[in-house]
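Colleague: Next up is a structure, given as structure tokens.
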Amino acid sequence: MKFKKDSIGYTIVFTFIVCMLFVVILAAANQLTLPMAEANKSFAAHLAVLKAFGLADASMSRTEVESLYSTKVRELDNAPGDIKGVTAAYAADIDGSAFVAVKVTGAGLWGSITAILATDPAASRIRGLEILDQQETPGLGGRIGEDWFQAQFKGEKVGPGGTVKVDQNGTGKGDPDKENGRVDAVTGASRTSDFVARIVADGLSATAKIGGSL
Amino acid sequence: MSDTRKIVKDGLWSNNPIFVQVLGICSTLAVTNNMKNTLIMALGVTFATAMGSVTLSAMKDLIPRKVRMIVQVLVLSFYVIIIDIILRAYMPAASKQLGPYVGLIITNCILMGRAEAFAAANKPWPSFVDGIANGLGYGAVLLCISVIREFFGFGSLMGVKLVGDAFTPWTIMVMAPSAFFLVALALWGANTYNAKAAAKKKGAK
């Protein structure tokens, strides 16, 4: 029997079956790979926390990172919900002194920027900053993800007013002075640099609060 | 020339999606500022076009005309989401870097263009070859552009730094406008060449 391909009934049934079929396959594929995708995501976050604490670098294997994370880092469940953008808090003891870190999210130029900021409990000196997620302009604002930019924050003394100045009058190549409370901004990315400064300031007020109640 | 060879040649050169059909230009602007992203994008488009064309060609006799395009979009987006799922699970770094661009493969006009222009009227195997050839033709042009943009914009290729610190990167090369210029120049060059070749052929007769 030759069915009527253009009849309304056939069209509806056909569309319905085709949709169901593809959606079911997609849902199954998504469910099957979900644990791996989640693991990748949490691994990226764990590595960023360790790097912010100065405990790991990118050359470490996945198992090393995970075991180091589980032995060294404590996830604090009292992340201050009242501080804007802070979604998680961590603590670690390194060579006998305590450090705290927060995962802090703020607006960027195109999307939001998420960073891990680690400091001493008084939030007077930054331990490290890791940009976890950003969608800034590649080659311009996107350079905040590069090592030279993030390394500037390592050990940087927090300036007056509890902030670190992301200075647009610098060389744009990185500021080696750890005592002046300023870092070089990315050349050609003044907006992104402002956003990073704001995220760091938010993070600092959060770590000060958490550090005080540690 | 056999059919398969003609399809391949069409996709790669004489009916190249970028030079002749002028399809998929949007992604050319977005992903060509570094080679790695370009390569993954090109593979993604090739995979989605080829698989989508095969699937659509195999079921073309069953698709009612009225919902033809809806079904095409459904099948193509199915493969695009599959790519996204695979990248997220097995290549997290690439997935993070490409971000929203993977999902945007579906808006690449080459996919719909080939489904509508070729797969809707041909058998699965030629449709598959056509998808691969068009994807590769698109990818080849994109790669050429990304080599130029990454080298001048970052001073690197495939993320490997090639020039010293004294080199000042051309900021324009990482921004979208440079892709406009380069695509236009490439289009101009290719079409001039083709026109000359055609004239020569005519003259020889």
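Residue numbering restarts at 1 in every chain; chains get A, B, ... in the order shown in the structure tokens, and ligands count up from 1 in that same order.
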Could you give me, as JSON lines, every stretch 78-144 of chain B residue with an atom at most 10 Å from stretch 4-7 of chain B, plus its closest atom pair and distance in Å to one decimal, counting only C-alpha atoms, rows ordered by chain then number?
Modeller:
{"residue": "B:Trp125", "atom": "CA", "partner": "B:Thr4", "partner_atom": "CA", "distance": 9.1}
{"residue": "B:Pro126", "atom": "CA", "partner": "B:Thr4", "partner_atom": "CA", "distance": 6.6}
{"residue": "B:Ser127", "atom": "CA", "partner": "B:Ile7", "partner_atom": "CA", "distance": 9.0}
{"residue": "B:Val129", "atom": "CA", "partner": "B:Ile7", "partner_atom": "CA", "distance": 7.0}
{"residue": "B:Asp130", "atom": "CA", "partner": "B:Ile7", "partner_atom": "CA", "distance": 5.8}
{"residue": "B:Gly131", "atom": "CA", "partner": "B:Ile7", "partner_atom": "CA", "distance": 9.4}
{"residue": "B:Ile132", "atom": "CA", "partner": "B:Ile7", "partner_atom": "CA", "distance": 9.7}
{"residue": "B:Ala133", "atom": "CA", "partner": "B:Ile7", "partner_atom": "CA", "distance": 7.2}
{"residue": "B:Asn134", "atom": "CA", "partner": "B:Ile7", "partner_atom": "CA", "distance": 8.9}
Colleague: Could those residues be written to a file, using C-alpha atoms, as a CSV table (one decimal), in the first residue's frame?
Modeller:
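Just written: selection_27.csv:
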chain,number,residue,atom,x,y,z
B,125,TRP,CA,26.7,7.3,0.0
B,126,PRO,CA,27.1,10.2,-2.4
B,127,SER,CA,25.5,12.4,0.3
B,129,VAL,CA,31.0,12.0,0.4
B,130,ASP,CA,29.4,15.3,-0.4
B,131,GLY,CA,29.3,16.2,3.3
B,132,ILE,CA,32.9,15.2,3.9
B,133,ALA,CA,34.1,17.0,0.9
B,134,ASN,CA,32.3,20.2,1.8
Colleague: Can you check which residues of chain A have any atom within 7 Å of chain B? Use only C-alpha atoms and format it as a PyMOL selection string.
Modeller: chain A and resi 5-6+11+22+30+33+36-37+40+138-139
Colleague: Excluding stretch 186-202 of chain A and any residue of its chain fewer than 3 positions from it, enumerate the residues within 8 Å of it, using only C-alpha atoms, and give them as a list in words.
Modeller: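 Answer for this query is Ile83, Lys84, Gly85, Val104, Thr105, Gly106, Ala107, Gly108, Leu109, Ile113, Ala115, Leu117, Glu136, Leu140, Gly141, Arg143, Ile144, Phe149, Gly162, Thr163, Val164, Lys165, Val166, Gln168, Gly172, Lys173, Ser205 and Ala206 of chain A.
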Colleague: Write the selection just made, keeping N, CA, C and O atoms, as a compact mmCIF listing (two decimals), in the first residue's frame?
Modeller:
# COMPACT_ATOMS: atom_id res chain seq x y z
N ILE A 83 27.94 37.56 50.71
CA ILE A 83 28.90 38.27 49.86
C ILE A 83 28.67 37.88 48.41
O ILE A 83 28.73 36.71 48.04
N LYS A 84 28.41 38.89 47.63
CA LYS A 84 28.00 38.72 46.25
C LYS A 84 29.03 37.92 45.45
O LYS A 84 30.22 38.22 45.48
N GLY A 85 28.57 36.91 44.74
CA GLY A 85 29.44 36.22 43.81
C GLY A 85 30.29 35.11 44.38
O GLY A 85 30.95 34.39 43.66
N VAL A 104 35.00 32.94 43.39
CA VAL A 104 34.22 34.18 43.26
C VAL A 104 33.92 34.45 41.79
O VAL A 104 34.77 34.28 40.92
N THR A 105 32.68 34.82 41.54
CA THR A 105 32.23 35.08 40.17
C THR A 105 31.78 36.53 40.04
O THR A 105 31.13 37.06 40.94
N GLY A 106 32.14 37.15 38.96
CA GLY A 106 31.69 38.51 38.71
C GLY A 106 31.51 38.74 37.23
O GLY A 106 31.87 37.90 36.41
N ALA A 107 30.97 39.90 36.91
CA ALA A 107 30.71 40.21 35.51
C ALA A 107 32.02 40.39 34.75
O ALA A 107 33.00 40.88 35.31
N GLY A 108 32.04 39.98 33.51
CA GLY A 108 33.17 40.25 32.63
C GLY A 108 32.67 41.09 31.47
O GLY A 108 31.56 41.64 31.53
N LEU A 109 33.46 41.16 30.43
CA LEU A 109 33.05 41.98 29.29
C LEU A 109 31.97 41.28 28.48
O LEU A 109 30.96 41.87 28.12
N ILE A 113 33.14 36.06 34.77
CA ILE A 113 34.48 35.56 35.04
C ILE A 113 34.43 34.87 36.41
O ILE A 113 33.91 35.44 37.36
N ALA A 115 36.84 33.06 39.34
CA ALA A 115 38.23 32.93 39.74
C ALA A 115 38.31 32.30 41.13
O ALA A 115 37.36 32.34 41.89
N LEU A 117 40.47 32.74 44.48
CA LEU A 117 41.40 33.67 45.11
C LEU A 117 41.79 33.12 46.48
O LEU A 117 40.92 32.85 47.31
N GLU A 136 36.44 36.28 27.86
CA GLU A 136 36.87 37.59 27.37
C GLU A 136 37.42 37.47 25.95
O GLU A 136 37.68 36.38 25.46
N LEU A 140 43.04 39.61 23.83
CA LEU A 140 43.03 40.87 24.57
C LEU A 140 42.66 40.56 26.02
O LEU A 140 43.50 40.17 26.81
N GLY A 141 41.37 40.72 26.36
CA GLY A 141 40.97 40.42 27.73
C GLY A 141 41.22 38.97 28.09
O GLY A 141 41.47 38.64 29.25
N ARG A 143 43.67 37.37 27.82
CA ARG A 143 45.02 37.14 28.34
C ARG A 143 45.04 37.12 29.87
O ARG A 143 46.08 36.78 30.45
N ILE A 144 43.95 37.47 30.54
CA ILE A 144 43.92 37.33 31.99
C ILE A 144 44.08 35.86 32.38
O ILE A 144 44.41 35.55 33.50
N PHE A 149 50.00 37.05 33.89
CA PHE A 149 49.04 37.93 34.54
C PHE A 149 48.69 37.40 35.92
O PHE A 149 48.71 38.13 36.91
N GLY A 162 41.88 47.56 51.09
CA GLY A 162 41.60 46.15 50.89
C GLY A 162 41.47 45.74 49.44
O GLY A 162 40.72 44.83 49.09
N THR A 163 42.22 46.41 48.55
CA THR A 163 42.16 46.02 47.15
C THR A 163 43.56 45.93 46.57
O THR A 163 44.52 46.39 47.16
N VAL A 164 43.62 45.31 45.42
CA VAL A 164 44.85 45.33 44.63
C VAL A 164 44.53 46.12 43.38
O VAL A 164 43.53 45.86 42.71
N LYS A 165 45.36 47.10 43.09
CA LYS A 165 45.08 47.95 41.94
C LYS A 165 45.55 47.23 40.67
O LYS A 165 46.69 46.78 40.59
N VAL A 166 44.64 47.13 39.69
CA VAL A 166 45.04 46.60 38.39
C VAL A 166 45.33 47.82 37.53
O VAL A 166 44.44 48.45 36.98
N GLN A 168 46.52 50.46 34.83
CA GLN A 168 46.60 50.54 33.37
C GLN A 168 47.74 51.41 32.89
O GLN A 168 47.91 51.62 31.70
N GLY A 172 52.48 46.60 31.15
CA GLY A 172 51.68 45.59 30.47
C GLY A 172 52.40 44.27 30.34
O GLY A 172 51.97 43.37 29.64
N LYS A 173 53.53 44.16 30.99
CA LYS A 173 54.31 42.92 30.89
C LYS A 173 54.39 42.19 32.23
O LYS A 173 55.00 41.14 32.34
N SER A 205 37.29 40.68 50.33
CA SER A 205 36.39 40.95 51.46
C SER A 205 35.81 39.63 51.97
O SER A 205 35.56 39.47 53.17
N ALA A 206 35.63 38.67 51.06
CA ALA A 206 35.11 37.37 51.47
C ALA A 206 36.13 36.58 52.28
O ALA A 206 35.82 36.02 53.34
Colleague: Just asking: which residues within stretch 20-141 of chain B are alpha helix (DSSP H) according to DSSP, as an MDAnalysis selection string?
Modeller: chainID B and resid 25:31 35:58 68:90 92:98 109:117 124:141
Colleague: Report as a list in words all protein, DNA and RNA residues lying within 8 Å of stretch 11-23 of chain B, evaluated on only C-alpha atoms, omitting residues in the same chain fewer than 2 positions from it.
Modeller: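 Selected residues are Ile7, Val8, Lys9, Ile25, Asn108, Cys109, Ile110, Gly113, Asp130, Ala133, Asn134, Gly135, Leu136, Gly137, Tyr138, Val141, Ala186, Leu187, Ala190 and Asn191 of chain B.
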Colleague: Can you tell me, as a ChimeraX atom specification, which residues in stretch 5-190 of chain B count as strand (DSSP E) by DSSP?
Modeller: /B:156-157,160-161
Colleague: For the residues in the current selection, export N, CA and C atoms as a CSV table (one decimal), in the first residue's frame.
Modeller:
chain,number,residue,atom,x,y,z
B,156,SER,N,52.2,32.9,17.1
B,156,SER,CA,52.3,31.5,17.3
B,156,SER,C,51.5,30.7,16.3
B,157,LEU,N,51.8,29.4,16.2
B,157,LEU,CA,50.9,28.5,15.4
B,157,LEU,C,50.6,27.3,16.2
B,160,VAL,N,52.0,27.2,19.6
B,160,VAL,CA,53.4,27.2,19.9
B,160,VAL,C,54.0,28.5,19.4
B,161,LYS,N,54.7,29.2,20.4
B,161,LYS,CA,55.2,30.5,20.1
B,161,LYS,C,56.4,30.4,19.1
Colleague: May I ask which of the residues A:Leu47, A:Ala185, A:Val86, A:Leu26 is the closest one to A:Ser67, counting only C-alpha atoms?
Modeller: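 When distances to A:Ser67 are compared using only C-alpha atoms, the smallest one comes from A:Leu47.
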Colleague: What is the atom CA of B:Ala117 to atom CA of B:Tyr193 distance in Å?
Modeller: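 Rounded to one decimal, the two atoms are 25.3 Å apart.
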Colleague: Do you have the atom CA of B:Met112-atom CA of B:Gly24 distance handy?
Modeller: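 A separation of 10.3 Å between them.
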